[in-house]
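Heads up, entry_33.cif below (mmCIF, C-alpha atoms; chains and numbers go by the auth columns):
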data_data
#
loop_
_atom_site.group_PDB
_atom_site.id
_atom_site.type_symbol
_atom_site.label_atom_id
_atom_site.label_comp_id
_atom_site.label_asym_id
_atom_site.label_seq_id
_atom_site.Cartn_x
_atom_site.Cartn_y
_atom_site.Cartn_z
_atom_site.B_iso_or_equiv
_atom_site.auth_seq_id
_atom_site.auth_asym_id
ATOM 1 C CA MET A 1 -54.605 120.396 69.803 0.00 98 A
ATOM 2 C CA THR A 2 -55.297 124.106 69.609 0.00 99 A
ATOM 3 C CA ALA A 3 -52.696 126.750 70.322 0.00 100 A
ATOM 4 C CA ASP A 4 -54.712 127.832 73.375 0.00 101 A
ATOM 5 C CA ARG A 5 -54.686 124.334 74.799 0.00 102 A
ATOM 6 C CA SER A 6 -50.952 123.891 74.406 0.00 103 A
ATOM 7 C CA GLU A 7 -50.352 127.364 75.886 0.00 104 A
ATOM 8 C CA GLY A 8 -52.528 126.402 78.844 0.00 105 A
ATOM 9 C CA GLU A 9 -50.670 123.146 79.263 0.00 106 A
ATOM 10 C CA GLN A 10 -47.356 124.993 79.071 0.00 107 A
ATOM 11 C CA ARG A 11 -48.477 127.426 81.796 0.00 108 A
ATOM 12 C CA LEU A 12 -49.512 124.460 83.936 0.00 109 A
ATOM 13 C CA VAL A 13 -46.140 122.767 83.444 0.00 110 A
ATOM 14 C CA GLU A 14 -44.349 126.012 84.328 0.00 111 A
ATOM 15 C CA LYS A 15 -46.426 126.389 87.512 0.00 112 A
ATOM 16 C CA ALA A 16 -45.724 122.783 88.458 0.00 113 A
ATOM 17 C CA GLN A 17 -42.031 123.254 87.742 0.00 114 A
ATOM 18 C CA ARG A 18 -41.806 126.339 89.993 0.00 115 A
ATOM 19 C CA ALA A 19 -43.691 124.462 92.729 0.00 116 A
ATOM 20 C CA LEU A 20 -41.291 121.511 92.435 0.00 117 A
ATOM 21 C CA VAL A 21 -38.332 123.851 92.891 0.00 118 A
ATOM 22 C CA ALA A 22 -39.994 125.316 96.010 0.00 119 A
ATOM 23 C CA ILE A 23 -40.781 121.841 97.414 0.00 120 A
ATOM 24 C CA SER A 24 -37.217 120.684 96.813 0.00 121 A
ATOM 25 C CA LEU A 25 -36.088 123.690 98.898 0.00 122 A
ATOM 26 C CA GLY A 26 -38.520 122.741 101.678 0.00 123 A
ATOM 27 C CA GLU A 27 -40.795 125.710 100.956 0.00 124 A
ATOM 28 C CA ASP A 28 -44.290 124.188 101.186 0.00 125 A
ATOM 29 C CA THR A 29 -46.062 127.540 101.456 0.00 126 A
ATOM 30 C CA GLU A 30 -44.251 128.914 98.420 0.00 127 A
ATOM 31 C CA ALA A 31 -44.999 125.714 96.482 0.00 128 A
ATOM 32 C CA LEU A 32 -48.708 126.106 97.221 0.00 129 A
ATOM 33 C CA GLU A 33 -48.553 129.757 96.157 0.00 130 A
ATOM 34 C CA GLU A 34 -46.990 128.674 92.846 0.00 131 A
ATOM 35 C CA VAL A 35 -49.865 126.291 92.102 0.00 132 A
ATOM 36 C CA THR A 36 -52.630 128.673 93.131 0.00 133 A
ATOM 37 C CA PRO A 37 -55.072 128.795 90.212 0.00 134 A
ATOM 38 C CA SER A 38 -54.888 131.969 88.152 0.00 135 A
ATOM 39 C CA SER A 39 -58.648 132.290 87.562 0.00 136 A
ATOM 40 C CA GLN A 40 -61.043 133.877 90.058 0.00 137 A
ATOM 41 C CA GLU A 41 -63.950 131.751 88.766 0.00 138 A
ATOM 42 C CA PRO A 42 -64.483 128.789 91.181 0.00 139 A
ATOM 43 C CA GLY A 43 -65.212 126.262 88.412 0.00 140 A
ATOM 44 C CA GLU A 44 -62.131 127.285 86.453 0.00 141 A
ATOM 45 C CA ARG A 45 -60.017 127.229 89.632 0.00 142 A
ATOM 46 C CA ASP A 46 -61.102 123.644 90.349 0.00 143 A
ATOM 47 C CA GLU A 47 -60.432 122.629 86.743 0.00 144 A
ATOM 48 C CA GLU A 48 -56.914 124.096 86.838 0.00 145 A
ATOM 49 C CA THR A 49 -56.173 122.388 90.173 0.00 146 A
ATOM 50 C CA LYS A 50 -57.524 119.098 88.811 0.00 147 A
ATOM 51 C CA GLU A 51 -55.401 119.323 85.652 0.00 148 A
ATOM 52 C CA LEU A 52 -52.318 120.160 87.702 0.00 149 A
ATOM 53 C CA MET A 53 -52.862 117.161 89.993 0.00 150 A
ATOM 54 C CA LEU A 54 -53.460 114.860 87.034 0.00 151 A
ATOM 55 C CA LEU A 55 -50.286 116.167 85.380 0.00 152 A
ATOM 56 C CA LEU A 56 -48.264 115.402 88.509 0.00 153 A
ATOM 57 C CA PHE A 57 -49.856 112.014 89.178 0.00 154 A
ATOM 58 C CA GLY A 58 -49.452 111.102 85.501 0.00 155 A
ATOM 59 C CA GLU A 59 -45.733 111.860 85.688 0.00 156 A
ATOM 60 C CA CYS A 60 -45.469 109.947 88.982 0.00 157 A
ATOM 61 C CA SER A 61 -47.161 107.000 87.306 0.00 158 A
ATOM 62 C CA ALA A 62 -44.692 107.093 84.411 0.00 159 A
ATOM 63 C CA MET A 63 -41.771 107.129 86.851 0.00 160 A
ATOM 64 C CA VAL A 64 -43.249 104.282 88.928 0.00 161 A
ATOM 65 C CA SER A 65 -43.573 102.266 85.719 0.00 162 A
ATOM 66 C CA THR A 66 -39.981 103.118 84.779 0.00 163 A
ATOM 67 C CA LEU A 67 -38.724 102.163 88.237 0.00 164 A
ATOM 68 C CA GLY A 68 -40.777 98.980 88.058 0.00 165 A
ATOM 69 C CA ASP A 69 -39.084 98.085 84.767 0.00 166 A
ATOM 70 C CA GLY A 70 -42.266 98.574 82.782 0.00 167 A
ATOM 71 C CA GLY A 71 -44.293 96.456 85.185 0.00 168 A
ATOM 72 C CA THR A 72 -41.950 93.465 85.410 0.00 169 A
ATOM 73 C CA ALA A 73 -40.583 94.533 88.817 0.00 170 A
ATOM 74 C CA PRO A 74 -43.384 95.616 91.162 0.00 171 A
ATOM 75 C CA VAL A 75 -43.073 98.897 93.037 0.00 172 A
ATOM 76 C CA LYS A 76 -44.530 98.809 96.546 0.00 173 A
ATOM 77 C CA VAL A 77 -46.606 101.745 97.762 0.00 174 A
ATOM 78 C CA GLN A 78 -46.492 102.122 101.531 0.00 175 A
ATOM 79 C CA VAL A 79 -48.528 104.467 103.720 0.00 176 A
ATOM 80 C CA PHE A 80 -47.240 105.609 107.110 0.00 177 A
ATOM 81 C CA ASP A 81 -48.935 107.383 110.007 0.00 178 A
ATOM 82 C CA GLU A 82 -47.510 110.321 111.971 0.00 179 A
ATOM 83 C CA ALA A 83 -45.493 107.939 114.166 0.00 180 A
ATOM 84 C CA GLY A 84 -43.847 106.349 111.129 0.00 181 A
ATOM 85 C CA GLU A 85 -45.803 103.100 111.420 0.00 182 A
ATOM 86 C CA GLU A 86 -47.070 101.503 108.220 0.00 183 A
ATOM 87 C CA VAL A 87 -50.875 101.584 107.963 0.00 184 A
ATOM 88 C CA SER A 88 -53.387 100.309 105.451 0.00 185 A
ATOM 89 C CA ILE A 89 -54.568 102.765 102.822 0.00 186 A
ATOM 90 C CA ASP A 90 -57.977 102.881 104.524 0.00 187 A
ATOM 91 C CA GLN A 91 -56.376 104.101 107.776 0.00 188 A
ATOM 92 C CA ALA A 92 -54.500 106.928 106.076 0.00 189 A
ATOM 93 C CA ASP A 93 -55.597 110.559 106.220 0.00 190 A
ATOM 94 C CA PRO A 94 -58.086 111.397 103.437 0.00 191 A
ATOM 95 C CA PRO A 95 -55.585 113.373 101.280 0.00 192 A
ATOM 96 C CA VAL A 96 -53.055 110.533 101.452 0.00 193 A
ATOM 97 C CA ARG A 97 -55.767 107.977 100.635 0.00 194 A
ATOM 98 C CA THR A 98 -56.798 110.037 97.621 0.00 195 A
ATOM 99 C CA ALA A 99 -53.181 110.442 96.506 0.00 196 A
ATOM 100 C CA VAL A 100 -52.497 106.699 96.697 0.00 197 A
ATOM 101 C CA ARG A 101 -55.729 105.793 94.911 0.00 198 A
ATOM 102 C CA THR A 102 -55.077 108.382 92.203 0.00 199 A
ATOM 103 C CA LEU A 103 -51.528 107.164 91.673 0.00 200 A
ATOM 104 C CA LEU A 104 -52.591 103.509 91.579 0.00 201 A
ATOM 105 C CA ALA A 105 -55.328 104.279 89.056 0.00 202 A
ATOM 106 C CA GLU A 106 -52.776 106.061 86.839 0.00 203 A
ATOM 107 C CA VAL A 107 -50.221 103.256 87.236 0.00 204 A
ATOM 108 C CA HIS A 108 -52.850 100.764 86.088 0.00 205 A
ATOM 109 C CA GLY A 109 -53.702 102.910 83.058 0.00 206 A
ATOM 110 C CA ASN A 110 -57.075 104.023 84.375 0.00 207 A
ATOM 111 C CA THR A 111 -56.882 107.785 83.873 0.00 208 A
ATOM 112 C CA ALA A 112 -60.668 108.075 84.173 0.00 209 A
ATOM 113 C CA ALA A 113 -60.562 106.611 87.697 0.00 210 A
ATOM 114 C CA ALA A 114 -57.638 108.890 88.587 0.00 211 A
ATOM 115 C CA ARG A 115 -59.620 111.893 87.338 0.00 212 A
ATOM 116 C CA GLU A 116 -62.634 110.730 89.372 0.00 213 A
ATOM 117 C CA GLN A 117 -60.536 110.489 92.567 0.00 214 A
ATOM 118 C CA VAL A 118 -59.270 114.047 92.088 0.00 215 A
ATOM 119 C CA GLU A 119 -62.760 115.345 91.251 0.00 216 A
ATOM 120 C CA ILE A 120 -64.182 113.760 94.415 0.00 217 A
ATOM 121 C CA ALA A 121 -61.405 115.310 96.485 0.00 218 A
ATOM 122 C CA LEU A 122 -61.979 118.753 95.007 0.00 219 A
ATOM 123 C CA ALA A 123 -65.734 118.497 95.525 0.00 220 A
ATOM 124 C CA SER A 124 -65.643 117.246 99.109 0.00 221 A
ATOM 125 C CA ALA A 125 -62.297 118.052 100.692 0.00 222 A
ATOM 126 C CA ALA A 126 -61.584 121.025 102.879 0.00 223 A
ATOM 127 C CA PRO A 127 -59.101 123.531 101.416 0.00 224 A
ATOM 128 C CA ASN A 128 -56.315 122.297 103.709 0.00 225 A
ATOM 129 C CA GLU A 129 -56.929 118.735 102.486 0.00 226 A
ATOM 130 C CA VAL A 130 -56.648 119.878 98.860 0.00 227 A
ATOM 131 C CA ASP A 131 -53.379 121.618 99.780 0.00 228 A
ATOM 132 C CA SER A 132 -52.200 118.421 101.453 0.00 229 A
ATOM 133 C CA LEU A 133 -53.026 116.420 98.314 0.00 230 A
ATOM 134 C CA LEU A 134 -51.141 118.906 96.129 0.00 231 A
ATOM 135 C CA LEU A 135 -48.116 118.770 98.434 0.00 232 A
ATOM 136 C CA GLN A 136 -48.225 114.962 98.373 0.00 233 A
ATOM 137 C CA ALA A 137 -48.226 114.952 94.569 0.00 234 A
ATOM 138 C CA LEU A 138 -45.321 117.410 94.472 0.00 235 A
ATOM 139 C CA ARG A 139 -43.285 115.450 97.040 0.00 236 A
ATOM 140 C CA TRP A 140 -43.833 112.166 95.224 0.00 237 A
ATOM 141 C CA THR A 141 -42.844 113.783 91.946 0.00 238 A
ATOM 142 C CA ILE A 142 -39.582 114.978 93.513 0.00 239 A
ATOM 143 C CA ARG A 143 -38.812 111.668 95.262 0.00 240 A
ATOM 144 C CA LEU A 144 -39.575 109.530 92.242 0.00 241 A
ATOM 145 C CA SER A 145 -37.615 111.788 89.900 0.00 242 A
ATOM 146 C CA VAL A 146 -34.575 111.752 92.182 0.00 243 A
ATOM 147 C CA GLU A 147 -34.749 107.949 92.330 0.00 244 A
ATOM 148 C CA CYS A 148 -35.051 107.699 88.544 0.00 245 A
ATOM 149 C CA LEU A 149 -32.221 110.169 87.945 0.00 246 A
ATOM 150 C CA GLU A 150 -29.934 108.337 90.392 0.00 247 A
ATOM 151 C CA ARG A 151 -30.531 105.157 88.374 0.00 248 A
ATOM 152 C CA ASP A 152 -30.039 106.947 85.026 0.00 249 A
ATOM 153 C CA LEU A 153 -33.676 106.333 84.125 0.00 250 A
ATOM 154 C CA PRO A 154 -35.694 108.781 82.021 0.00 251 A
ATOM 155 C CA VAL A 155 -37.565 111.650 83.663 0.00 252 A
ATOM 156 C CA ALA A 156 -39.606 114.347 81.919 0.00 253 A
ATOM 157 C CA GLY A 157 -37.295 117.237 81.075 0.00 254 A
ATOM 158 C CA TRP A 158 -39.331 119.837 82.929 0.00 255 A
ATOM 159 C CA ILE A 159 -39.119 117.730 86.101 0.00 256 A
ATOM 160 C CA SER A 160 -35.392 117.012 85.859 0.00 257 A
ATOM 161 C CA ASP A 161 -34.810 120.745 85.247 0.00 258 A
ATOM 162 C CA ALA A 162 -36.756 121.556 88.442 0.00 259 A
ATOM 163 C CA VAL A 163 -34.861 118.945 90.473 0.00 260 A
ATOM 164 C CA ALA A 164 -31.506 120.142 89.122 0.00 261 A
ATOM 165 C CA GLY A 165 -32.495 123.809 89.566 0.00 262 A
#

In structure tokens, what does this structure look like?
Amino acid sequence: MTADRSEGEQRLVEKAQRALVAISLGEDTEALEEVTPSSQEPGERDEETKELMLLLFGECSAMVSTLGDGGTAPVKVQVFDEAGEEVSIDQADPPVRTAVRTLLAEVHGNTAAAREQVEIALASAAPNEVDSLLLQALRWTIRLSVECLERDLPVAGWISDAVAG
């Protein structure tokens, strides 16, 4: 890995960490401001957003695996509508559908499929849907990390720092 790549990854982690702190304080708008891409170039903006989402979904996947005892105890993913009723994934809003599919692909070790889900969302979703997907990833990261920490299970240091912050 080059120094530039690791610096870029570190900046991404720091952005995600600040956004997690904002989400944990109930500040959705501030969280979205924290993860706003730094580049003005549309292609680079999409790439940064994609890498951020994959970072978050990758960490969520690791925590789901940890909570599921490495796959020996299944973790159920449920999707709810606005009224709080459970719905099938196909009935969920597009950002939620994308989030669930991305997470499931990561959980099953298919990072290429997860990347494809995020790329499709970035290419076809309206800006508010992309924001919704980012918020979903941030919320899941917080919820899963809190659950792991309450059970004394491992969580990436940058996430536990954000949750504790």

ask   = How many Å lie between CA of Ile239 in chain A and CA of Val184 in chain A, rounded to one decimal?
value =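 CA of Val184 in chain A lies at a distance of 22.7 Å from CA of Ile239 in chain A.
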
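Using the PyMOL selection byres ((chain A and resi 133) around 10) on the file at hand returns these residues: Lys112, Ala116, Glu127, Ala128, Leu129, Glu130, Glu131, Val132, Pro134, Ser135, Ser136, Arg142, Glu145, Thr146 and Asp228 of chain A.
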
key: Nearest to Glu216 in chain A, chosen from A:Glu138, A:Glu104, A:Asp258, A:Asp143, with only C-alpha atoms counted in the distances   =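 Comparing A:Glu138, A:Glu104, A:Asp258, A:Asp143 against Glu216 in chain A, the winner is A:Asp143.
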
key: Shell around Phe154 in chain A at 12 Å using all atoms listed in the file, local window under 4 positions removed, as a PyMOL selection string   = chain A and resi 113+147-150+158-161+195-204+206-208+211-212+214-215+230-239+241

task = Using only C-alpha atoms, pick whichever of A:Ser242, A:Asp125, A:Ala209, A:Leu152 has the shortest atom-to-atom distance to Glu111 in chain A.
result =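 Ranked by minimum distance to Glu111 in chain A, first place goes to A:Leu152.
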